[in-house]
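Working notes for the structure below.
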Amino acid sequence: MSPASHHRADADWHRSAAIYQVYIRSFRDGDGDGIGDIAGIRERLPWLAELGIDALWINPWYPSPQHDAGYDVSDYRDIDPRFGTIDEARELIDDAHRLGLRVILDIVPNHTSSEHPWFQAALTAGPGSPERARYLFRAGRGTDGELPPNDWLSVFGGAAWTRVADGEWYLHLFDSTQPDLDWTNDDVRAEFESILRFWFDAGVDGFRIDVAHGLAKDPEMPDLGLGPEQLLAPTAHGNHPHWDRDEVHEVWQAWRRIADAYDPPRVYVAEAWTEDDERLSHYLRPDELHTAFNFHFLRAPWNAAALRDVVDASRAAVARVGAASTWVLSNHDVVRHVSRYARERQDRSLHSLGDLRGTAADLELGTLRSRAAALLMLALPGSCYLYQGEELGLPEVEDLPDAVKQDPAFRRTKGVDPGRDGCRVPIPWSGERPPFGFGPEGSEPWLPQPAGWRTLTAEAQAADDSSMLALYRAALRIRREHPALGDGDMRWFDELDPAVTLAFTREPGFACVVNFGDSPIELPTGDVLLASAELVDGLLPKDAAAWLRTG
Ligand code: GLC
């Protein structure tokens, strides 16, 4: 790694890293087709290095019919022509490394695209064939097999089964264009191990693992007996027929051996939605995955007690297995946090756009809280993920016209689920009107950008010391330089009222204070290194955070 990289021991870089999520189709469009691409990312790498992050995670860029924005992969060893070429991908990895940035890719092992050659072969080969055995084909129920094999539901709405011409059904926990693989099949395991090596050999530093809690299915395929409400809430503690089953861990142990055989070792981050932190920690045992997104943090309302519980539970769980925490506030699947925190009511989780329906947004408030949340997250022990655009304080676009929406969840539920497009709107880089430098002048971004984003462009914010971008840059710089930040320990500082503040110290000589109450509070003794809002007569205003040098 270049001298620009982190001061901490290299093999442990993932325990402290600030990782920036590049949602490629919305980051920067180099060729003007309205969709972001590798050329666009390469052009902005110096900008990302200057922002002060340690690594990028790039969402799926493989050839794909794009029925689920690339999470429907038809070839795991190439690049979708919309995004570029395999040579450009290799160059991007090298460019990033030269700038001291690591690169994490996204791997989708739970399902392939229905256009993947394996699935096409399975359709042709017919029932009982080895080709079908790589997926989960079953006979239907009913007198003539006309009913699905069981009552499982797709996460995106509707049944999780689709019938093919010869009468068999195949399982898809997501869209019907995303058939689930059978992870008890040896071909499947061998193929993915080879895919990992393909990219690790190209210099990739790690993988974000899509739906890491979904690969193992109960071979009996029993009915769930649940409605759609319970679908996303696995409460069976290891006994759910398709989420978070214990058998899945064998796969991660095998993947860990592959990552460890590289020098430097490659790393994994799991997307695993589990019932609680204890279950999540199973993925983080020393011979499994290195990190996992802490979605409980992302789902917590803006409330001191709720956030403190999440921090404590997460730290206790990872400590048991010797792992580090991984904090995250937003990603491409949830409502942007500026808009979540903009809601008056903060007593429940508001992570999908449907949760926000009918509630008024106070974006100024949401922005204030997001500034404070950034300082909180960046001060907590462990690594963290930033979702592109949060450094600009972008809100969710809540009023996208139905006609432009592309999320299969919107389509499959006929709009009952408003979908995830609103957090995927292309980044405004510069200028006064769309495409705001996302693509060349005159190009049309794949989702429309609000005209009001004029004031939120990276260019406008770079010129303004009080902007969200300036705050992120300053915080990330301090985070890299300060020996107390990143991985390590913390201690709650309870001299301040824990009902309305979150305050903690980290050694050597650092404190973070967040004020959730209604009135300004006094700060502990120390020099203010950074604050998310201007202090008023030396007091920290409500919905603000400060970092202090103590002792
Ligand atoms: C993950 C991805 C999401 C995708 C789904 C199916 O949850 O983050 O975007 O739709 O998996 O692959």
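A note on labels: chains of the structure tokens are A, B, ... as shown, every chain counts residues from 1, and ligands are counted from 1 in their shown order.
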Problem - Exercise: stretch 135-148 of chain A partners within 6 Å, only C-alpha atoms, chain neighbours under 3 positions left out, as a PyMOL selection string - result: chain A and resi 132+168-171+180-182
Practice task
Return as a PyMOL selection string the residues of protein, DNA or RNA that approach ligand 1 to within 7 Å, with only C-alpha atoms and all ligand atoms taken into account.
Solution key: chain A and resi 68+71-72+108+174+210-211+332-333
Keeping only all heavy atoms, write those residues as a PDB file, in the first residue's frame.
ATOM      1  N   ASP A  68     -32.573  -6.282 -11.198  1.00  0.00           N
ATOM      2  CA  ASP A  68     -32.468  -5.803  -9.817  1.00  0.00           C
ATOM      3  C   ASP A  68     -31.149  -5.038  -9.681  1.00  0.00           C
ATOM      4  O   ASP A  68     -30.330  -5.324  -8.807  1.00  0.00           O
ATOM      5  CB  ASP A  68     -32.545  -6.978  -8.836  1.00  0.00           C
ATOM      6  CG  ASP A  68     -32.505  -6.507  -7.372  1.00  0.00           C
ATOM      7  OD1 ASP A  68     -32.845  -5.329  -7.115  1.00  0.00           O
ATOM      8  OD2 ASP A  68     -32.120  -7.311  -6.500  1.00  0.00           O
ATOM      9  N   TYR A  71     -27.943  -6.990  -9.165  1.00  0.00           N
ATOM     10  CA  TYR A  71     -27.953  -8.117  -8.223  1.00  0.00           C
ATOM     11  C   TYR A  71     -28.532  -9.367  -8.881  1.00  0.00           C
ATOM     12  O   TYR A  71     -28.882 -10.336  -8.212  1.00  0.00           O
ATOM     13  CB  TYR A  71     -28.689  -7.758  -6.925  1.00  0.00           C
ATOM     14  CG  TYR A  71     -27.820  -6.876  -6.044  1.00  0.00           C
ATOM     15  CD1 TYR A  71     -27.937  -5.492  -6.079  1.00  0.00           C
ATOM     16  CD2 TYR A  71     -26.849  -7.441  -5.218  1.00  0.00           C
ATOM     17  CE1 TYR A  71     -27.109  -4.689  -5.308  1.00  0.00           C
ATOM     18  CE2 TYR A  71     -26.024  -6.644  -4.440  1.00  0.00           C
ATOM     19  CZ  TYR A  71     -26.155  -5.272  -4.491  1.00  0.00           C
ATOM     20  OH  TYR A  71     -25.338  -4.484  -3.722  1.00  0.00           O
ATOM     21  N   ASP A  72     -28.629  -9.318 -10.186  1.00  0.00           N
ATOM     22  CA  ASP A  72     -29.027 -10.465 -10.995  1.00  0.00           C
ATOM     23  C   ASP A  72     -27.884 -10.677 -11.994  1.00  0.00           C
ATOM     24  O   ASP A  72     -27.869 -10.116 -13.071  1.00  0.00           O
ATOM     25  CB  ASP A  72     -30.365 -10.198 -11.686  1.00  0.00           C
ATOM     26  CG  ASP A  72     -30.453  -8.828 -12.380  1.00  0.00           C
ATOM     27  OD1 ASP A  72     -29.837  -7.845 -11.915  1.00  0.00           O
ATOM     28  OD2 ASP A  72     -31.128  -8.746 -13.425  1.00  0.00           O
ATOM     29  N   VAL A 108     -22.634 -11.960  -5.259  1.00  0.00           N
ATOM     30  CA  VAL A 108     -24.045 -12.332  -5.090  1.00  0.00           C
ATOM     31  C   VAL A 108     -24.162 -13.852  -5.196  1.00  0.00           C
ATOM     32  O   VAL A 108     -24.395 -14.387  -6.277  1.00  0.00           O
ATOM     33  CB  VAL A 108     -24.915 -11.640  -6.169  1.00  0.00           C
ATOM     34  CG1 VAL A 108     -26.403 -11.836  -5.881  1.00  0.00           C
ATOM     35  CG2 VAL A 108     -24.584 -10.150  -6.262  1.00  0.00           C
ATOM     36  N   PHE A 174     -35.964 -13.601  -4.141  1.00  0.00           N
ATOM     37  CA  PHE A 174     -36.088 -12.216  -4.611  1.00  0.00           C
ATOM     38  C   PHE A 174     -36.934 -12.231  -5.884  1.00  0.00           C
ATOM     39  O   PHE A 174     -37.957 -12.908  -5.905  1.00  0.00           O
ATOM     40  CB  PHE A 174     -34.691 -11.595  -4.755  1.00  0.00           C
ATOM     41  CG  PHE A 174     -34.002 -11.476  -3.406  1.00  0.00           C
ATOM     42  CD1 PHE A 174     -33.236 -12.519  -2.890  1.00  0.00           C
ATOM     43  CD2 PHE A 174     -34.205 -10.351  -2.613  1.00  0.00           C
ATOM     44  CE1 PHE A 174     -32.662 -12.433  -1.621  1.00  0.00           C
ATOM     45  CE2 PHE A 174     -33.632 -10.259  -1.344  1.00  0.00           C
ATOM     46  CZ  PHE A 174     -32.863 -11.303  -0.859  1.00  0.00           C
ATOM     47  N   ASP A 210     -23.490 -10.503  -0.537  1.00  0.00           N
ATOM     48  CA  ASP A 210     -24.917 -10.227  -0.617  1.00  0.00           C
ATOM     49  C   ASP A 210     -25.721 -11.362   0.023  1.00  0.00           C
ATOM     50  O   ASP A 210     -25.445 -12.535  -0.228  1.00  0.00           O
ATOM     51  CB  ASP A 210     -25.287 -10.099  -2.107  1.00  0.00           C
ATOM     52  CG  ASP A 210     -26.683  -9.558  -2.319  1.00  0.00           C
ATOM     53  OD1 ASP A 210     -26.967  -8.453  -1.845  1.00  0.00           O
ATOM     54  OD2 ASP A 210     -27.506 -10.246  -2.960  1.00  0.00           O
ATOM     55  N   VAL A 211     -26.711 -11.005   0.834  1.00  0.00           N
ATOM     56  CA  VAL A 211     -27.633 -11.981   1.439  1.00  0.00           C
ATOM     57  C   VAL A 211     -26.877 -13.156   2.070  1.00  0.00           C
ATOM     58  O   VAL A 211     -27.192 -14.326   1.834  1.00  0.00           O
ATOM     59  CB  VAL A 211     -28.670 -12.504   0.415  1.00  0.00           C
ATOM     60  CG1 VAL A 211     -29.837 -13.158   1.118  1.00  0.00           C
ATOM     61  CG2 VAL A 211     -29.201 -11.400  -0.471  1.00  0.00           C
ATOM     62  N   HIS A 332     -27.878   1.481  -0.316  1.00  0.00           N
ATOM     63  CA  HIS A 332     -28.751   1.559  -1.496  1.00  0.00           C
ATOM     64  C   HIS A 332     -30.087   0.857  -1.307  1.00  0.00           C
ATOM     65  O   HIS A 332     -30.869   0.790  -2.246  1.00  0.00           O
ATOM     66  CB  HIS A 332     -28.010   0.956  -2.698  1.00  0.00           C
ATOM     67  CG  HIS A 332     -27.759  -0.518  -2.507  1.00  0.00           C
ATOM     68  ND1 HIS A 332     -26.891  -0.997  -1.546  1.00  0.00           N
ATOM     69  CD2 HIS A 332     -28.298  -1.606  -3.100  1.00  0.00           C
ATOM     70  CE1 HIS A 332     -26.913  -2.324  -1.578  1.00  0.00           C
ATOM     71  NE2 HIS A 332     -27.749  -2.721  -2.511  1.00  0.00           N
ATOM     72  N   ASP A 333     -30.337   0.292  -0.140  1.00  0.00           N
ATOM     73  CA  ASP A 333     -31.595  -0.423   0.103  1.00  0.00           C
ATOM     74  C   ASP A 333     -32.519   0.293   1.079  1.00  0.00           C
ATOM     75  O   ASP A 333     -33.651  -0.147   1.279  1.00  0.00           O
ATOM     76  CB  ASP A 333     -31.306  -1.820   0.686  1.00  0.00           C
ATOM     77  CG  ASP A 333     -30.652  -2.753  -0.315  1.00  0.00           C
ATOM     78  OD1 ASP A 333     -30.933  -2.640  -1.520  1.00  0.00           O
ATOM     79  OD2 ASP A 333     -29.856  -3.613   0.121  1.00  0.00           O
TER      80      ASP A 333
END
Handout entry: Non-local contacts of stretch 218-221 of chain A (10 Å; only C-alpha atoms; under 3 positions in same chain excluded) as a list in words
Key =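 Counting only C-alpha atoms, the residues come to Leu136, Arg138, Pro149, Asn150, Asp151, Trp152, Asp182, Thr184, Leu224, Asn239, His240, Pro241, His242, Trp243, Arg245 and Glu247 of chain A.
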Handout entry: Shell of 7 Å around A:Val397, only C-alpha atoms, local chain residues under 3 positions omitted, as a PyMOL selection string
Key = chain A and resi 400+422-423
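Backbone DSSP over stretch 421-468 of chain A yields helix (DSSP H, G or I) at Asp421, Gly422, Cys423, Ala451, Gly452, Trp453, Arg454, Thr455, Leu456, Ala458, Glu459, Ala460, Gln461, Ala462 and Met468 of chain A.
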Handout entry: Pick from A:His351, A:Glu278, A:Glu364, A:Pro286 nearest to A:Gln253, counting only C-alpha atoms
Key =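 Closest candidate: A:Pro286.
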Exercise for the section: Find the spatial neighbours of stretch 200-208 of chain A, counting only C-alpha atoms, within a cut-off of 8 Å - ignore same-chain residues fewer than 5 positions away - and output them as an NGL selection string. Expected result: :A and (57 or 90 or 93-94 or 102-107 or 262 or 265-271)
Dump of all heavy atoms for the selected residues, as a short mmCIF file (atom, residue, chain, number, x, y, z; two decimals), in the first residue's frame:
data_model
loop_
_atom_site.label_atom_id
_atom_site.label_comp_id
_atom_site.auth_asym_id
_atom_site.auth_seq_id
_atom_site.Cartn_x
_atom_site.Cartn_y
_atom_site.Cartn_z
N TRP A 57 -16.30 0.27 -1.64
CA TRP A 57 -17.07 -0.93 -1.95
C TRP A 57 -17.88 -0.57 -3.17
O TRP A 57 -18.64 0.40 -3.15
CB TRP A 57 -17.94 -1.34 -0.77
CG TRP A 57 -19.23 -2.02 -1.14
CD1 TRP A 57 -19.44 -2.89 -2.20
CD2 TRP A 57 -20.51 -1.90 -0.50
NE1 TRP A 57 -20.75 -3.30 -2.23
CE2 TRP A 57 -21.43 -2.72 -1.20
CE3 TRP A 57 -20.96 -1.19 0.62
CZ2 TRP A 57 -22.77 -2.83 -0.83
CZ3 TRP A 57 -22.29 -1.31 0.99
CH2 TRP A 57 -23.18 -2.12 0.27
N ARG A 90 -9.64 -3.70 -14.11
CA ARG A 90 -8.29 -3.95 -13.58
C ARG A 90 -7.55 -2.63 -13.36
O ARG A 90 -6.84 -2.45 -12.37
CB ARG A 90 -7.49 -4.84 -14.53
CG ARG A 90 -8.03 -6.27 -14.61
CD ARG A 90 -7.19 -7.10 -15.59
NE ARG A 90 -7.86 -8.34 -15.93
CZ ARG A 90 -7.88 -9.43 -15.16
NH1 ARG A 90 -7.23 -9.42 -14.00
NH2 ARG A 90 -8.54 -10.50 -15.52
N ILE A 93 -8.71 -0.89 -10.24
CA ILE A 93 -8.15 -1.48 -9.01
C ILE A 93 -6.71 -0.97 -8.80
O ILE A 93 -6.33 -0.55 -7.70
CB ILE A 93 -8.20 -3.02 -9.08
CG1 ILE A 93 -9.66 -3.50 -9.13
CG2 ILE A 93 -7.45 -3.67 -7.92
CD1 ILE A 93 -9.85 -4.92 -9.62
N ASP A 94 -5.95 -0.94 -9.89
CA ASP A 94 -4.57 -0.45 -9.77
C ASP A 94 -4.52 1.04 -9.43
O ASP A 94 -3.73 1.47 -8.58
CB ASP A 94 -3.80 -0.71 -11.08
CG ASP A 94 -3.60 -2.21 -11.32
OD1 ASP A 94 -3.78 -2.98 -10.36
OD2 ASP A 94 -3.32 -2.59 -12.47
N ARG A 102 -8.25 0.94 -0.89
CA ARG A 102 -8.52 -0.47 -1.17
C ARG A 102 -9.87 -0.61 -1.89
O ARG A 102 -10.70 0.31 -1.83
CB ARG A 102 -8.49 -1.27 0.12
CG ARG A 102 -7.07 -1.39 0.68
CD ARG A 102 -7.09 -2.11 2.01
NE ARG A 102 -5.77 -2.57 2.41
CZ ARG A 102 -4.96 -1.91 3.23
NH1 ARG A 102 -5.33 -0.76 3.73
NH2 ARG A 102 -3.80 -2.41 3.56
N VAL A 103 -10.05 -1.77 -2.51
CA VAL A 103 -11.26 -1.98 -3.31
C VAL A 103 -11.97 -3.27 -2.88
O VAL A 103 -11.37 -4.34 -2.89
CB VAL A 103 -10.92 -2.07 -4.82
CG1 VAL A 103 -12.19 -2.31 -5.63
CG2 VAL A 103 -10.21 -0.80 -5.28
N ILE A 104 -13.23 -3.11 -2.51
CA ILE A 104 -14.07 -4.24 -2.14
C ILE A 104 -15.16 -4.38 -3.21
O ILE A 104 -15.81 -3.39 -3.56
CB ILE A 104 -14.72 -4.00 -0.76
CG1 ILE A 104 -13.63 -4.02 0.31
CG2 ILE A 104 -15.78 -5.03 -0.45
CD1 ILE A 104 -14.16 -3.74 1.70
N LEU A 105 -15.35 -5.58 -3.72
CA LEU A 105 -16.43 -5.80 -4.69
C LEU A 105 -17.61 -6.46 -4.00
O LEU A 105 -17.53 -6.87 -2.84
CB LEU A 105 -15.94 -6.69 -5.84
CG LEU A 105 -14.79 -6.15 -6.67
CD1 LEU A 105 -14.51 -7.09 -7.83
CD2 LEU A 105 -15.08 -4.74 -7.18
N ASP A 106 -18.69 -6.59 -4.75
CA ASP A 106 -19.93 -7.14 -4.22
C ASP A 106 -20.13 -8.50 -4.88
O ASP A 106 -20.09 -8.59 -6.10
CB ASP A 106 -21.06 -6.17 -4.63
CG ASP A 106 -22.25 -6.21 -3.71
OD1 ASP A 106 -22.63 -7.31 -3.28
OD2 ASP A 106 -22.82 -5.13 -3.44
N ILE A 107 -20.32 -9.55 -4.09
CA ILE A 107 -20.56 -10.86 -4.69
C ILE A 107 -21.95 -11.34 -4.31
O ILE A 107 -22.40 -11.12 -3.18
CB ILE A 107 -19.46 -11.88 -4.32
CG1 ILE A 107 -19.57 -13.12 -5.21
CG2 ILE A 107 -19.47 -12.23 -2.84
CD1 ILE A 107 -18.31 -13.98 -5.22
N TYR A 262 -4.21 -15.59 0.65
CA TYR A 262 -3.61 -14.47 -0.09
C TYR A 262 -2.72 -13.62 0.82
O TYR A 262 -2.92 -13.57 2.03
CB TYR A 262 -4.71 -13.61 -0.72
CG TYR A 262 -5.25 -14.23 -1.98
CD1 TYR A 262 -6.23 -15.23 -1.90
CD2 TYR A 262 -4.76 -13.89 -3.23
CE1 TYR A 262 -6.71 -15.84 -3.05
CE2 TYR A 262 -5.23 -14.49 -4.38
CZ TYR A 262 -6.20 -15.47 -4.29
OH TYR A 262 -6.67 -16.07 -5.42
N PRO A 265 -3.91 -10.96 3.29
CA PRO A 265 -5.19 -11.67 3.31
C PRO A 265 -6.32 -10.77 2.84
O PRO A 265 -6.32 -9.56 3.09
CB PRO A 265 -5.38 -12.03 4.78
CG PRO A 265 -4.07 -11.80 5.43
CD PRO A 265 -3.30 -10.85 4.60
N ARG A 266 -7.25 -11.35 2.12
CA ARG A 266 -8.41 -10.60 1.67
C ARG A 266 -9.49 -10.64 2.75
O ARG A 266 -9.46 -11.52 3.62
CB ARG A 266 -8.93 -11.17 0.36
CG ARG A 266 -7.85 -11.35 -0.71
CD ARG A 266 -7.10 -10.07 -1.02
NE ARG A 266 -6.49 -10.12 -2.34
CZ ARG A 266 -5.20 -10.05 -2.61
NH1 ARG A 266 -4.32 -9.91 -1.63
NH2 ARG A 266 -4.76 -10.10 -3.86
N VAL A 267 -10.44 -9.71 2.68
CA VAL A 267 -11.43 -9.61 3.77
C VAL A 267 -12.86 -9.65 3.25
O VAL A 267 -13.11 -9.40 2.08
CB VAL A 267 -11.22 -8.33 4.60
CG1 VAL A 267 -9.82 -8.26 5.17
CG2 VAL A 267 -11.52 -7.10 3.77
N TYR A 268 -13.76 -9.96 4.16
CA TYR A 268 -15.18 -10.03 3.81
C TYR A 268 -16.01 -9.13 4.73
O TYR A 268 -15.69 -8.97 5.91
CB TYR A 268 -15.70 -11.45 3.98
CG TYR A 268 -15.03 -12.47 3.10
CD1 TYR A 268 -14.22 -13.46 3.66
CD2 TYR A 268 -15.22 -12.47 1.72
CE1 TYR A 268 -13.61 -14.42 2.87
CE2 TYR A 268 -14.61 -13.43 0.91
CZ TYR A 268 -13.80 -14.40 1.49
OH TYR A 268 -13.20 -15.34 0.71
N VAL A 269 -17.10 -8.62 4.16
CA VAL A 269 -18.11 -7.97 4.98
C VAL A 269 -19.45 -8.58 4.60
O VAL A 269 -19.78 -8.69 3.41
CB VAL A 269 -18.10 -6.43 4.84
CG1 VAL A 269 -18.24 -5.97 3.40
CG2 VAL A 269 -19.21 -5.80 5.69
N ALA A 270 -20.19 -9.04 5.61
CA ALA A 270 -21.44 -9.74 5.35
C ALA A 270 -22.62 -8.80 5.37
O ALA A 270 -22.75 -7.98 6.28
CB ALA A 270 -21.65 -10.82 6.41
N GLU A 271 -23.49 -8.95 4.37
CA GLU A 271 -24.82 -8.40 4.49
C GLU A 271 -25.66 -9.52 5.08
O GLU A 271 -26.04 -10.47 4.39
CB GLU A 271 -25.42 -8.00 3.14
CG GLU A 271 -26.79 -7.36 3.33
CD GLU A 271 -27.80 -7.61 2.23
OE1 GLU A 271 -27.68 -8.60 1.49
OE2 GLU A 271 -28.75 -6.83 2.12
#
Where does stretch 58-144 of chain A meet stretch 29-52 of chain A within 8 Å, residue by residue, with the nearest atom pair and distance in Å to one decimal for each, counting only C-alpha atoms, listed by chain and rising number, as JSON lines?
{"residue": "A:Arg82", "atom": "CA", "partner": "A:Asp37", "partner_atom": "CA", "distance": 6.9}
{"residue": "A:Phe83", "atom": "CA", "partner": "A:Asp37", "partner_atom": "CA", "distance": 4.1}
{"residue": "A:Gly84", "atom": "CA", "partner": "A:Ile38", "partner_atom": "CA", "distance": 5.8}
{"residue": "A:Glu88", "atom": "CA", "partner": "A:Ile38", "partner_atom": "CA", "distance": 6.8}
{"residue": "A:Ala89", "atom": "CA", "partner": "A:Ile38", "partner_atom": "CA", "distance": 6.8}
{"residue": "A:Leu92", "atom": "CA", "partner": "A:Arg42", "partner_atom": "CA", "distance": 5.9}
{"residue": "A:Asp95", "atom": "CA", "partner": "A:Arg42", "partner_atom": "CA", "distance": 7.4}
{"residue": "A:Ala96", "atom": "CA", "partner": "A:Leu45", "partner_atom": "CA", "distance": 6.7}
{"residue": "A:Leu99", "atom": "CA", "partner": "A:Ala49", "partner_atom": "CA", "distance": 6.6}
{"residue": "A:Gly100", "atom": "CA", "partner": "A:Ala49", "partner_atom": "CA", "distance": 7.6}
{"residue": "A:Leu101", "atom": "CA", "partner": "A:Ala49", "partner_atom": "CA", "distance": 6.9}
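Going from atom CA of A:Gln346 to atom CA of A:Ala304 covers 10.6 Å.
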